[in-house]
Amino acid sequence: MHETSLVLAMCSQIEEMARAQKAQEVLSITVRIGEVAGVEEEIFAFAFEVYKKENPLFKKSELKIEKIPARKKCLACGEEFQGLSLKKCPRCGKEQFSYTGGDELQIAKVELMVED
C-alpha cells in the first residue's frame, strides 16, 4: 500500500506550508490523481482519514479528489486523445500510442484556517 506513504508525504508538505502561514488547521485539500498514476483513490482517501485522526492540524480536513483522464498521442498520425479504455487511435485506428498525461499526482489546492 504505497498510498499510505503518498499520504504521509503530502501531509508533510502541507504541514510545512501551514507552519509557514501560521495556520491553525487545514480545512480542505484538493488532489489531482491521474488515471494511470497507479494510485488507488479509495485506499488513498482511507489512508488520509486514518492520518487526520492522529494529527490535530488535519482533524476537520476534507479531502477532495479530482480524477485526471489518461491522455495519449498516436505514434502513427499524431492524433491526441484521452481515455484509458481507448486502445486504438480514433483517427487512424492504429494501436501505437504513448501516454502524454494522466500519470500525475498533484496537490492542487489547500485551504488553511489562519487567524490574524
# chains A, B, ... in the order shown; residues from 1 in each chain; ligands from 1
>>> closest_atom_pairs(of="range 4-52 of chain A", to="range 67-86 of chain A", cutoff="8 Å", atoms="only C-alpha atoms", output="Markdown table")
| residue | atom | partner | partner_atom | distance |
| --- | --- | --- | --- | --- |
| A:Arg32 | CA | A:Lys67 | CA | 5.9 |
| A:Ile33 | CA | A:Lys67 | CA | 5.3 |
| A:Gly34 | CA | A:Ile68 | CA | 4.4 |
| A:Glu35 | CA | A:Pro69 | CA | 5.2 |
| A:Val36 | CA | A:Ala70 | CA | 6.2 |
>>> residues_around(residues="Val50 in chain A", least_positions_apart="4", cutoff="12 Å", atoms="only C-alpha atoms", output="list in words")
Glu3, Thr4, Val7, Leu8, Ile43, Phe44, Ala45, Phe46, Glu54, Asn55, Phe58, Lys59 and Ser61 of chain A
>>> write_last_selection(atoms="all heavy atoms", output="compact mmCIF listing (two decimals), in the first residue's frame")
# COMPACT_ATOMS: atom_id res chain seq x y z
N GLU A 3 -0.01 3.96 -1.11
CA GLU A 3 -0.88 5.12 -0.90
C GLU A 3 -0.64 5.75 0.47
O GLU A 3 -0.69 6.97 0.61
CB GLU A 3 -2.36 4.73 -1.07
CG GLU A 3 -2.80 4.51 -2.49
CD GLU A 3 -2.44 3.15 -3.07
OE1 GLU A 3 -1.83 2.31 -2.35
OE2 GLU A 3 -2.76 2.91 -4.24
N THR A 4 -0.36 4.92 1.46
CA THR A 4 -0.10 5.44 2.80
C THR A 4 1.14 6.33 2.80
O THR A 4 1.12 7.42 3.38
CB THR A 4 0.08 4.28 3.81
OG1 THR A 4 -1.11 3.49 3.81
CG2 THR A 4 0.35 4.80 5.20
N VAL A 7 0.27 9.63 1.15
CA VAL A 7 -0.48 10.50 2.06
C VAL A 7 0.47 11.14 3.07
O VAL A 7 0.37 12.34 3.35
CB VAL A 7 -1.62 9.72 2.77
CG1 VAL A 7 -2.17 10.51 3.95
CG2 VAL A 7 -2.72 9.40 1.78
N LEU A 8 1.39 10.36 3.62
CA LEU A 8 2.35 10.91 4.58
C LEU A 8 3.20 12.01 3.95
O LEU A 8 3.42 13.06 4.57
CB LEU A 8 3.24 9.80 5.13
CG LEU A 8 2.57 8.77 6.03
CD1 LEU A 8 3.54 7.65 6.37
CD2 LEU A 8 2.03 9.42 7.28
N ILE A 43 -8.12 3.76 -1.40
CA ILE A 43 -7.09 3.49 -0.40
C ILE A 43 -6.40 4.79 0.02
O ILE A 43 -6.12 5.00 1.21
CB ILE A 43 -6.07 2.46 -0.93
CG1 ILE A 43 -6.77 1.13 -1.20
CG2 ILE A 43 -4.92 2.26 0.07
CD1 ILE A 43 -5.91 0.11 -1.92
N PHE A 44 -6.15 5.67 -0.92
CA PHE A 44 -5.55 6.97 -0.64
C PHE A 44 -6.46 7.75 0.33
O PHE A 44 -5.99 8.29 1.34
CB PHE A 44 -5.35 7.75 -1.95
CG PHE A 44 -4.60 9.04 -1.80
CD1 PHE A 44 -3.22 9.06 -1.88
CD2 PHE A 44 -5.27 10.23 -1.60
CE1 PHE A 44 -2.51 10.25 -1.75
CE2 PHE A 44 -4.58 11.43 -1.47
CZ PHE A 44 -3.20 11.43 -1.55
N ALA A 45 -7.76 7.79 0.02
CA ALA A 45 -8.72 8.51 0.87
C ALA A 45 -8.80 7.88 2.26
O ALA A 45 -8.85 8.59 3.28
CB ALA A 45 -10.09 8.53 0.21
N PHE A 46 -8.79 6.55 2.33
CA PHE A 46 -8.82 5.86 3.62
C PHE A 46 -7.57 6.17 4.44
O PHE A 46 -7.65 6.45 5.65
CB PHE A 46 -8.96 4.34 3.42
CG PHE A 46 -8.95 3.57 4.71
CD1 PHE A 46 -10.08 3.53 5.51
CD2 PHE A 46 -7.80 2.91 5.13
CE1 PHE A 46 -10.08 2.82 6.71
CE2 PHE A 46 -7.79 2.20 6.32
CZ PHE A 46 -8.93 2.16 7.11
N GLU A 54 -5.05 11.27 13.76
CA GLU A 54 -3.88 11.33 14.62
C GLU A 54 -3.21 12.70 14.65
O GLU A 54 -2.32 12.94 15.45
CB GLU A 54 -2.85 10.29 14.17
CG GLU A 54 -3.36 8.87 14.16
CD GLU A 54 -3.76 8.40 15.56
OE1 GLU A 54 -3.04 8.72 16.52
OE2 GLU A 54 -4.79 7.71 15.66
N ASN A 55 -3.62 13.60 13.75
CA ASN A 55 -2.95 14.89 13.63
C ASN A 55 -3.96 16.02 13.78
O ASN A 55 -4.80 16.22 12.91
CB ASN A 55 -2.24 14.98 12.28
CG ASN A 55 -1.32 16.16 12.20
OD1 ASN A 55 -1.69 17.27 12.56
ND2 ASN A 55 -0.12 15.94 11.71
N PHE A 58 -5.08 18.41 10.93
CA PHE A 58 -5.92 17.88 9.84
C PHE A 58 -7.28 17.35 10.32
O PHE A 58 -8.06 16.86 9.51
CB PHE A 58 -5.18 16.74 9.13
CG PHE A 58 -3.97 17.19 8.38
CD1 PHE A 58 -2.73 17.22 9.01
CD2 PHE A 58 -4.05 17.58 7.06
CE1 PHE A 58 -1.60 17.63 8.32
CE2 PHE A 58 -2.93 17.99 6.37
CZ PHE A 58 -1.70 18.02 7.00
N LYS A 59 -7.57 17.46 11.62
CA LYS A 59 -8.76 16.83 12.21
C LYS A 59 -10.05 17.09 11.44
O LYS A 59 -10.86 16.21 11.25
CB LYS A 59 -8.95 17.29 13.66
CG LYS A 59 -8.11 16.52 14.64
CD LYS A 59 -8.96 15.51 15.36
CE LYS A 59 -8.25 14.96 16.56
NZ LYS A 59 -7.59 13.73 16.37
N SER A 61 -10.22 18.35 8.29
CA SER A 61 -9.93 18.48 6.85
C SER A 61 -10.83 17.62 5.99
O SER A 61 -11.17 16.50 6.35
CB SER A 61 -8.49 18.08 6.56
OG SER A 61 -7.60 18.92 7.22
>>> select_by_dssp(residues="range 20-93 of chain A", states="strand (DSSP E or B)", output="PyMOL selection string")
chain A and resi 25-34+62-68+71-74+80-82
>>> write_last_selection(atoms="C-alpha atoms", output="PDB file, in the first residue's frame")
ATOM      1  CA  GLU A  25      -5.852  23.987  10.844  1.00  0.00           C
ATOM      2  CA  VAL A  26      -6.169  22.602   7.339  1.00  0.00           C
ATOM      3  CA  LEU A  27      -9.748  22.956   6.100  1.00  0.00           C
ATOM      4  CA  SER A  28      -9.545  21.138   2.786  1.00  0.00           C
ATOM      5  CA  ILE A  29      -7.122  19.563   0.359  1.00  0.00           C
ATOM      6  CA  THR A  30      -7.776  19.068  -3.342  1.00  0.00           C
ATOM      7  CA  VAL A  31      -5.632  16.418  -5.005  1.00  0.00           C
ATOM      8  CA  ARG A  32      -5.474  15.564  -8.713  1.00  0.00           C
ATOM      9  CA  ILE A  33      -4.898  11.892  -9.409  1.00  0.00           C
ATOM     10  CA  GLY A  34      -4.260  10.680 -12.935  1.00  0.00           C
ATOM     11  CA  GLU A  62     -11.902  17.423   3.830  1.00  0.00           C
ATOM     12  CA  LEU A  63     -10.071  15.568   1.062  1.00  0.00           C
ATOM     13  CA  LYS A  64     -11.291  16.252  -2.466  1.00  0.00           C
ATOM     14  CA  ILE A  65     -10.031  14.094  -5.311  1.00  0.00           C
ATOM     15  CA  GLU A  66     -10.148  15.229  -8.932  1.00  0.00           C
ATOM     16  CA  LYS A  67      -9.714  12.441 -11.470  1.00  0.00           C
ATOM     17  CA  ILE A  68      -7.471  13.252 -14.431  1.00  0.00           C
ATOM     18  CA  ARG A  71      -4.079  11.379 -22.363  1.00  0.00           C
ATOM     19  CA  LYS A  72      -2.491   9.666 -25.336  1.00  0.00           C
ATOM     20  CA  LYS A  73      -0.788  10.574 -28.591  1.00  0.00           C
ATOM     21  CA  CYS A  74      -0.867   8.280 -31.607  1.00  0.00           C
ATOM     22  CA  GLU A  80      -4.148  13.300 -29.366  1.00  0.00           C
ATOM     23  CA  PHE A  81      -6.978  11.656 -27.468  1.00  0.00           C
ATOM     24  CA  GLN A  82      -7.918  10.680 -23.931  1.00  0.00           C
TER      25      GLN A  82
END
>>> atom_distance(atom1="CA of Cys11 in chain A", atom2="CA of Lys52 in chain A")
9.1 Å
>>> atom_distance(atom1="CA of Gln13 in chain A", atom2="CA of Tyr99 in chain A")
27.8 Å
>>> closest_residue(among="A:Glu104, A:Glu95, A:Glu41, A:Asp116", to="Lys22 in chain A", atoms="only C-alpha atoms")
A:Asp116
>>> atom_distance(atom1="CA of Arg19 in chain A", atom2="CA of Ala37 in chain A")
29.1 Å
